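First comes the structure, then the notes that go with it.
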Amino acid sequence: MTNLPLLLALAAGATLASTSAAAAETCVGTPGNGAAKLVLEATTLHNAVGEVAFTVYPDDKGRFLSKGGKLVRARVSAAQPHACFWLKPGYYAIAQYHDENSDHDFNRTLFLPKEGFGFSNDAPTSVGLPSFASARVALPAGGTVVRMKMRYRR
């Protein structure tokens with residue numbers, strides 16, 4: 001004799017688990033048509049408070065870090081600081097920041113950032129912003145994972 005309530009409970013659990021896994025893998029953009037998967041991960045966060053914003057810029061140094069220059073952006077919980085995008089293979093530059101107060105603004109004092117930040121290739125920022133060339137990364141047809149250290153000036 002089949003235990004119908006048990007089978008229904010197992011089926012519901014499997015559906016919930018697959019839905020959760022799919023939600024965790026939701027990427028910005030649409031797969032197919034030659035798109036490659038770009039996975040971004042922020043490392044060395046001071047805490048898991050607020051959000052991490054990942055911004056992807058096209059292969060155009062004039063648009064890198066400029067107002068309105070972004071290609072796409074994803075905001076994720078700082079507790080799980082990773083995001084993914086479906087993009088055409090090519091070259092991109094990525095910026096990230098730890099929006100600890102979740103105000104969707106990169107807060108800074110007169111001279112220094114108040115929130116953590118980072119760039120693809122862990123591009124150096126000893127004085128000023130990094131160059132586009134130092135942050136430029138390749139997205140091959142097979143996809144890639146880019147890990148970036150979060151830096152804090154305070």
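Convention: chains lettered A, B, ... in structure tokens order; per-chain residue numbering from 1; ligands numbered from 1 as shown.
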request  = Can you pull out every residue within 10 Å of region 120-128 of chain A, counting only C-alpha atoms, but drop anything in the same chain fewer than 3 positions away, and send it as a PyMOL selection string?
outcome  = chain A and resi 40+42+56+92-96+131-137+146-151
message = Using only C-alpha atoms, which protein or nucleic acid residues come within 7 Å of Ala79 (chain A)? Drop anything in the same chain fewer than 2 positions from it, and give the result as a list of chain:residue names.
response =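 Everything that qualifies: A:Ala48, A:Val49, A:Ser77, A:Pro81.
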Write the selection just made, keeping C-alpha atoms, as a PDB file, in the first residue's frame?
```pdb
ATOM      1  CA  ALA A  48      27.777  40.440   6.326  1.00  0.00           C
ATOM      2  CA  VAL A  49      25.714  43.613   6.853  1.00  0.00           C
ATOM      3  CA  SER A  77      23.080  40.329   0.231  1.00  0.00           C
ATOM      4  CA  PRO A  81      28.347  38.169  -1.896  1.00  0.00           C
TER       5      PRO A  81
END
```
So which bits of region 7-154 of chain A end up alpha helix (DSSP H) when you DSSP the backbone, as a PDB file with N, CA, C and O atoms, in the first residue's frame?
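Written out: out-v7.pdb:
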```pdb
ATOM      1  N   LEU A   7       4.418  10.520   0.127  1.00  0.00           N
ATOM      2  CA  LEU A   7       4.855  10.818  -1.244  1.00  0.00           C
ATOM      3  C   LEU A   7       4.610  12.281  -1.603  1.00  0.00           C
ATOM      4  O   LEU A   7       5.451  12.924  -2.242  1.00  0.00           O
ATOM      5  N   LEU A   8       3.470  12.824  -1.209  1.00  0.00           N
ATOM      6  CA  LEU A   8       3.171  14.233  -1.478  1.00  0.00           C
ATOM      7  C   LEU A   8       4.146  15.152  -0.746  1.00  0.00           C
ATOM      8  O   LEU A   8       4.619  16.145  -1.302  1.00  0.00           O
ATOM      9  N   ALA A   9       4.468  14.817   0.485  1.00  0.00           N
ATOM     10  CA  ALA A   9       5.412  15.626   1.254  1.00  0.00           C
ATOM     11  C   ALA A   9       6.801  15.595   0.615  1.00  0.00           C
ATOM     12  O   ALA A   9       7.480  16.615   0.508  1.00  0.00           O
ATOM     13  N   LEU A  10       7.228  14.409   0.173  1.00  0.00           N
ATOM     14  CA  LEU A  10       8.532  14.292  -0.484  1.00  0.00           C
ATOM     15  C   LEU A  10       8.562  15.075  -1.795  1.00  0.00           C
ATOM     16  O   LEU A  10       9.543  15.754  -2.108  1.00  0.00           O
ATOM     17  N   ALA A  11       7.483  14.993  -2.560  1.00  0.00           N
ATOM     18  CA  ALA A  11       7.411  15.735  -3.828  1.00  0.00           C
ATOM     19  C   ALA A  11       7.442  17.233  -3.576  1.00  0.00           C
ATOM     20  O   ALA A  11       8.129  17.983  -4.275  1.00  0.00           O
ATOM     21  N   ALA A  12       6.727  17.699  -2.552  1.00  0.00           N
ATOM     22  CA  ALA A  12       6.718  19.128  -2.229  1.00  0.00           C
ATOM     23  C   ALA A  12       8.103  19.576  -1.794  1.00  0.00           C
ATOM     24  O   ALA A  12       8.583  20.644  -2.181  1.00  0.00           O
ATOM     25  N   GLY A  13       8.786  18.755  -1.005  1.00  0.00           N
ATOM     26  CA  GLY A  13      10.145  19.086  -0.565  1.00  0.00           C
ATOM     27  C   GLY A  13      11.110  19.163  -1.726  1.00  0.00           C
ATOM     28  O   GLY A  13      11.947  20.044  -1.811  1.00  0.00           O
ATOM     29  N   ALA A  14      11.003  18.221  -2.657  1.00  0.00           N
ATOM     30  CA  ALA A  14      11.873  18.229  -3.835  1.00  0.00           C
ATOM     31  C   ALA A  14      11.616  19.462  -4.682  1.00  0.00           C
ATOM     32  O   ALA A  14      12.550  20.078  -5.199  1.00  0.00           O
ATOM     33  N   THR A  15      10.355  19.839  -4.840  1.00  0.00           N
ATOM     34  CA  THR A  15      10.012  21.034  -5.615  1.00  0.00           C
ATOM     35  C   THR A  15      10.573  22.279  -4.955  1.00  0.00           C
ATOM     36  O   THR A  15      11.164  23.141  -5.606  1.00  0.00           O
ATOM     37  N   LEU A  16      10.437  22.381  -3.636  1.00  0.00           N
ATOM     38  CA  LEU A  16      10.959  23.535  -2.900  1.00  0.00           C
ATOM     39  C   LEU A  16      12.470  23.608  -3.014  1.00  0.00           C
ATOM     40  O   LEU A  16      13.032  24.664  -3.243  1.00  0.00           O
ATOM     41  N   ALA A  17      13.151  22.458  -2.883  1.00  0.00           N
ATOM     42  CA  ALA A  17      14.607  22.436  -2.985  1.00  0.00           C
ATOM     43  C   ALA A  17      15.058  22.865  -4.370  1.00  0.00           C
ATOM     44  O   ALA A  17      16.000  23.646  -4.511  1.00  0.00           O
ATOM     45  N   SER A  18      14.392  22.368  -5.430  1.00  0.00           N
ATOM     46  CA  SER A  18      14.805  22.757  -6.785  1.00  0.00           C
ATOM     47  C   SER A  18      14.482  24.224  -7.049  1.00  0.00           C
ATOM     48  O   SER A  18      15.215  24.907  -7.744  1.00  0.00           O
ATOM     49  N   THR A  19      13.384  24.735  -6.473  1.00  0.00           N
ATOM     50  CA  THR A  19      13.054  26.153  -6.618  1.00  0.00           C
ATOM     51  C   THR A  19      14.097  27.014  -5.922  1.00  0.00           C
ATOM     52  O   THR A  19      14.546  28.013  -6.456  1.00  0.00           O
ATOM     53  N   SER A  20      14.541  26.611  -4.726  1.00  0.00           N
ATOM     54  CA  SER A  20      15.566  27.362  -3.998  1.00  0.00           C
ATOM     55  C   SER A  20      16.881  27.351  -4.754  1.00  0.00           C
ATOM     56  O   SER A  20      17.567  28.358  -4.848  1.00  0.00           O
ATOM     57  N   ALA A  21      17.245  26.197  -5.299  1.00  0.00           N
ATOM     58  CA  ALA A  21      18.482  26.117  -6.069  1.00  0.00           C
ATOM     59  C   ALA A  21      18.407  26.997  -7.304  1.00  0.00           C
ATOM     60  O   ALA A  21      19.366  27.676  -7.657  1.00  0.00           O
ATOM     61  N   ALA A  22      17.254  27.007  -7.967  1.00  0.00           N
ATOM     62  CA  ALA A  22      17.095  27.846  -9.159  1.00  0.00           C
ATOM     63  C   ALA A  22      17.164  29.313  -8.790  1.00  0.00           C
ATOM     64  O   ALA A  22      17.764  30.112  -9.503  1.00  0.00           O
ATOM     65  N   ALA A  23      16.567  29.690  -7.663  1.00  0.00           N
ATOM     66  CA  ALA A  23      16.603  31.085  -7.229  1.00  0.00           C
ATOM     67  C   ALA A  23      18.028  31.504  -6.918  1.00  0.00           C
ATOM     68  O   ALA A  23      18.443  32.617  -7.215  1.00  0.00           O
ATOM     69  N   ALA A  24      18.805  30.586  -6.329  1.00  0.00           N
ATOM     70  CA  ALA A  24      20.191  30.906  -5.995  1.00  0.00           C
ATOM     71  C   ALA A  24      21.019  31.089  -7.268  1.00  0.00           C
ATOM     72  O   ALA A  24      22.017  31.786  -7.249  1.00  0.00           O
ATOM     73  N   PHE A 132      41.299  51.643 -16.578  1.00  0.00           N
ATOM     74  CA  PHE A 132      40.445  50.651 -17.220  1.00  0.00           C
ATOM     75  C   PHE A 132      41.268  49.415 -17.583  1.00  0.00           C
ATOM     76  O   PHE A 132      40.843  48.289 -17.348  1.00  0.00           O
ATOM     77  N   ALA A 133      42.463  49.627 -18.119  1.00  0.00           N
ATOM     78  CA  ALA A 133      43.307  48.512 -18.545  1.00  0.00           C
ATOM     79  C   ALA A 133      43.642  47.584 -17.377  1.00  0.00           C
ATOM     80  O   ALA A 133      43.694  46.364 -17.553  1.00  0.00           O
ATOM     81  N   SER A 134      43.828  48.129 -16.183  1.00  0.00           N
ATOM     82  CA  SER A 134      44.187  47.282 -15.039  1.00  0.00           C
ATOM     83  C   SER A 134      43.000  46.482 -14.499  1.00  0.00           C
ATOM     84  O   SER A 134      43.187  45.476 -13.827  1.00  0.00           O
ATOM     85  N   ALA A 135      41.783  46.901 -14.807  1.00  0.00           N
ATOM     86  CA  ALA A 135      40.584  46.203 -14.342  1.00  0.00           C
ATOM     87  C   ALA A 135      39.941  45.344 -15.432  1.00  0.00           C
ATOM     88  O   ALA A 135      39.003  44.606 -15.164  1.00  0.00           O
TER      89      ALA A 135
END
```
inquiry  = What's around Asp99 (chain A) at 9 Å? Count only C-alpha atoms, leave out sequence neighbours fewer than 4 positions away in its own chain, and write the answer as a list in words.
reply    = Val49, Gly50, Glu51, Val52, Ala53, Ala78, Asp103, His104, Asp105, Phe106, Asn107, Glu115 and Gly116 of chain A
message = Can you pull out every residue from region 19-137 of chain A that DSSP, working from the backbone, puts in strand (DSSP E or B), and format the result as a VMD selection string?
response = chain A and resid 28 36 to 43 51 to 57 72 to 77 82 to 87 90 to 99 108 113 117 to 119 136 to 137
Polymer residues at most 10 Å from Val28 (chain A), only C-alpha atoms, same-chain spacing of 2 or more positions, as an MDAnalysis selection string = chainID A and resid 25:26 30:31 37:38 72:74 83:87
Please produce a file of those selected residues containing all heavy atoms, as an mmCIF file, in the first residue's frame.
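Once everything was written out, this is again11.cif:
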```
data_model
loop_
_atom_site.group_PDB
_atom_site.id
_atom_site.type_symbol
_atom_site.label_atom_id
_atom_site.label_comp_id
_atom_site.auth_asym_id
_atom_site.auth_seq_id
_atom_site.Cartn_x
_atom_site.Cartn_y
_atom_site.Cartn_z
ATOM 1 N N GLU A 25 20.618 30.458 -8.358
ATOM 2 C CA GLU A 25 21.357 30.547 -9.605
ATOM 3 C C GLU A 25 20.778 31.563 -10.577
ATOM 4 O O GLU A 25 21.164 31.590 -11.729
ATOM 5 C CB GLU A 25 21.389 29.169 -10.280
ATOM 6 C CG GLU A 25 22.568 28.326 -9.904
ATOM 7 C CD GLU A 25 23.902 28.996 -10.178
ATOM 8 O OE1 GLU A 25 24.172 29.362 -11.321
ATOM 9 O OE2 GLU A 25 24.667 29.144 -9.211
ATOM 10 N N THR A 26 19.850 32.372 -10.147
ATOM 11 C CA THR A 26 19.267 33.367 -11.033
ATOM 12 C C THR A 26 20.335 34.381 -11.419
ATOM 13 O O THR A 26 20.972 34.980 -10.563
ATOM 14 C CB THR A 26 18.081 34.083 -10.362
ATOM 15 O OG1 THR A 26 17.109 33.097 -10.032
ATOM 16 C CG2 THR A 26 17.483 35.123 -11.270
ATOM 17 N N THR A 30 20.039 36.741 -20.102
ATOM 18 C CA THR A 30 19.385 35.546 -20.616
ATOM 19 C C THR A 30 20.419 34.592 -21.196
ATOM 20 O O THR A 30 21.235 34.997 -22.028
ATOM 21 C CB THR A 30 18.379 35.936 -21.723
ATOM 22 O OG1 THR A 30 17.497 36.927 -21.201
ATOM 23 C CG2 THR A 30 17.581 34.748 -22.191
ATOM 24 N N PRO A 31 20.379 33.327 -20.769
ATOM 25 C CA PRO A 31 21.311 32.362 -21.365
ATOM 26 C C PRO A 31 20.925 32.071 -22.815
ATOM 27 O O PRO A 31 19.815 32.357 -23.242
ATOM 28 C CB PRO A 31 21.126 31.109 -20.490
ATOM 29 C CG PRO A 31 19.799 31.265 -19.844
ATOM 30 C CD PRO A 31 19.517 32.737 -19.760
ATOM 31 N N LYS A 37 28.472 32.772 -19.101
ATOM 32 C CA LYS A 37 28.138 33.051 -17.704
ATOM 33 C C LYS A 37 29.333 33.681 -16.987
ATOM 34 O O LYS A 37 30.404 33.098 -16.914
ATOM 35 C CB LYS A 37 27.720 31.761 -16.999
ATOM 36 C CG LYS A 37 27.181 31.977 -15.610
ATOM 37 C CD LYS A 37 26.675 30.640 -15.063
ATOM 38 C CE LYS A 37 26.062 30.783 -13.709
ATOM 39 N NZ LYS A 37 25.593 29.458 -13.209
ATOM 40 N N LEU A 38 29.114 34.872 -16.464
ATOM 41 C CA LEU A 38 30.122 35.583 -15.679
ATOM 42 C C LEU A 38 29.675 35.542 -14.223
ATOM 43 O O LEU A 38 28.624 36.083 -13.874
ATOM 44 C CB LEU A 38 30.241 37.038 -16.139
ATOM 45 C CG LEU A 38 31.132 37.953 -15.302
ATOM 46 C CD1 LEU A 38 32.590 37.482 -15.334
ATOM 47 C CD2 LEU A 38 31.024 39.399 -15.795
ATOM 48 N N VAL A 72 25.569 46.599 -16.758
ATOM 49 C CA VAL A 72 24.599 45.960 -15.866
ATOM 50 C C VAL A 72 25.079 46.058 -14.423
ATOM 51 O O VAL A 72 26.267 46.245 -14.171
ATOM 52 C CB VAL A 72 24.359 44.464 -16.217
ATOM 53 C CG1 VAL A 72 23.607 44.300 -17.509
ATOM 54 C CG2 VAL A 72 25.656 43.689 -16.230
ATOM 55 N N ARG A 73 24.121 45.899 -13.504
ATOM 56 C CA ARG A 73 24.453 45.925 -12.074
ATOM 57 C C ARG A 73 23.573 44.903 -11.364
ATOM 58 O O ARG A 73 22.426 44.695 -11.738
ATOM 59 C CB ARG A 73 24.213 47.299 -11.470
ATOM 60 C CG ARG A 73 24.456 47.345 -9.954
ATOM 61 C CD ARG A 73 24.290 48.726 -9.370
ATOM 62 N NE ARG A 73 25.407 49.544 -9.804
ATOM 63 C CZ ARG A 73 25.322 50.851 -10.061
ATOM 64 N NH1 ARG A 73 24.183 51.496 -9.926
ATOM 65 N NH2 ARG A 73 26.386 51.521 -10.446
ATOM 66 N N ALA A 74 24.130 44.304 -10.332
ATOM 67 C CA ALA A 74 23.363 43.411 -9.457
ATOM 68 C C ALA A 74 23.694 43.774 -8.026
ATOM 69 O O ALA A 74 24.848 44.039 -7.699
ATOM 70 C CB ALA A 74 23.712 41.955 -9.724
ATOM 71 N N ALA A 83 27.259 37.086 -7.506
ATOM 72 C CA ALA A 83 26.220 37.348 -8.499
ATOM 73 C C ALA A 83 26.676 36.749 -9.819
ATOM 74 O O ALA A 83 27.857 36.443 -10.001
ATOM 75 C CB ALA A 83 25.988 38.853 -8.654
ATOM 76 N N CYS A 84 25.728 36.593 -10.732
ATOM 77 C CA CYS A 84 26.122 36.113 -12.058
ATOM 78 C C CYS A 84 25.345 36.838 -13.143
ATOM 79 O O CYS A 84 24.265 37.387 -12.894
ATOM 80 C CB CYS A 84 25.972 34.601 -12.172
ATOM 81 S SG CYS A 84 24.312 33.969 -11.995
ATOM 82 N N PHE A 85 25.942 36.848 -14.298
ATOM 83 C CA PHE A 85 25.414 37.567 -15.458
ATOM 84 C C PHE A 85 25.583 36.692 -16.685
ATOM 85 O O PHE A 85 26.566 35.965 -16.807
ATOM 86 C CB PHE A 85 26.199 38.873 -15.681
ATOM 87 C CG PHE A 85 26.193 39.808 -14.519
ATOM 88 C CD1 PHE A 85 27.118 39.684 -13.493
ATOM 89 C CD2 PHE A 85 25.250 40.828 -14.439
ATOM 90 C CE1 PHE A 85 27.111 40.548 -12.417
ATOM 91 C CE2 PHE A 85 25.232 41.701 -13.360
ATOM 92 C CZ PHE A 85 26.163 41.560 -12.348
ATOM 93 N N TRP A 86 24.657 36.792 -17.622
ATOM 94 C CA TRP A 86 24.792 36.187 -18.943
ATOM 95 C C TRP A 86 25.133 37.320 -19.905
ATOM 96 O O TRP A 86 24.339 38.227 -20.107
ATOM 97 C CB TRP A 86 23.497 35.504 -19.377
ATOM 98 C CG TRP A 86 23.224 34.239 -18.621
ATOM 99 C CD1 TRP A 86 22.331 34.063 -17.621
ATOM 100 C CD2 TRP A 86 23.870 32.985 -18.801
ATOM 101 N NE1 TRP A 86 22.378 32.777 -17.163
ATOM 102 C CE2 TRP A 86 23.318 32.088 -17.883
ATOM 103 C CE3 TRP A 86 24.877 32.527 -19.659
ATOM 104 C CZ2 TRP A 86 23.717 30.755 -17.775
ATOM 105 C CZ3 TRP A 86 25.275 31.191 -19.567
ATOM 106 C CH2 TRP A 86 24.698 30.328 -18.638
ATOM 107 N N LEU A 87 26.346 37.275 -20.451
ATOM 108 C CA LEU A 87 26.834 38.338 -21.330
ATOM 109 C C LEU A 87 27.512 37.723 -22.556
ATOM 110 O O LEU A 87 27.927 36.564 -22.525
ATOM 111 C CB LEU A 87 27.854 39.213 -20.590
ATOM 112 C CG LEU A 87 27.358 39.912 -19.322
ATOM 113 C CD1 LEU A 87 28.534 40.497 -18.559
ATOM 114 C CD2 LEU A 87 26.355 40.988 -19.683
#
```
query = Which is closer to Gly68 (chain A) than all the others in A:Arg153, A:Thr55, A:Leu112, A:Val145, using only C-alpha atoms?
reply =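 Checking each candidate against Gly68 (chain A), we get A:Thr55 as the closest.
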ask   = Any idea what the distance is between CA of Tyr91 (chain A) and CA of Tyr57 (chain A)?
value =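 Between CA of Tyr91 (chain A) and CA of Tyr57 (chain A) the gap works out to 9.1 Å.
Picture a line from CA of Gln80 (chain A) to CA of Asn33 (chain A); it runs 28.7 Å.
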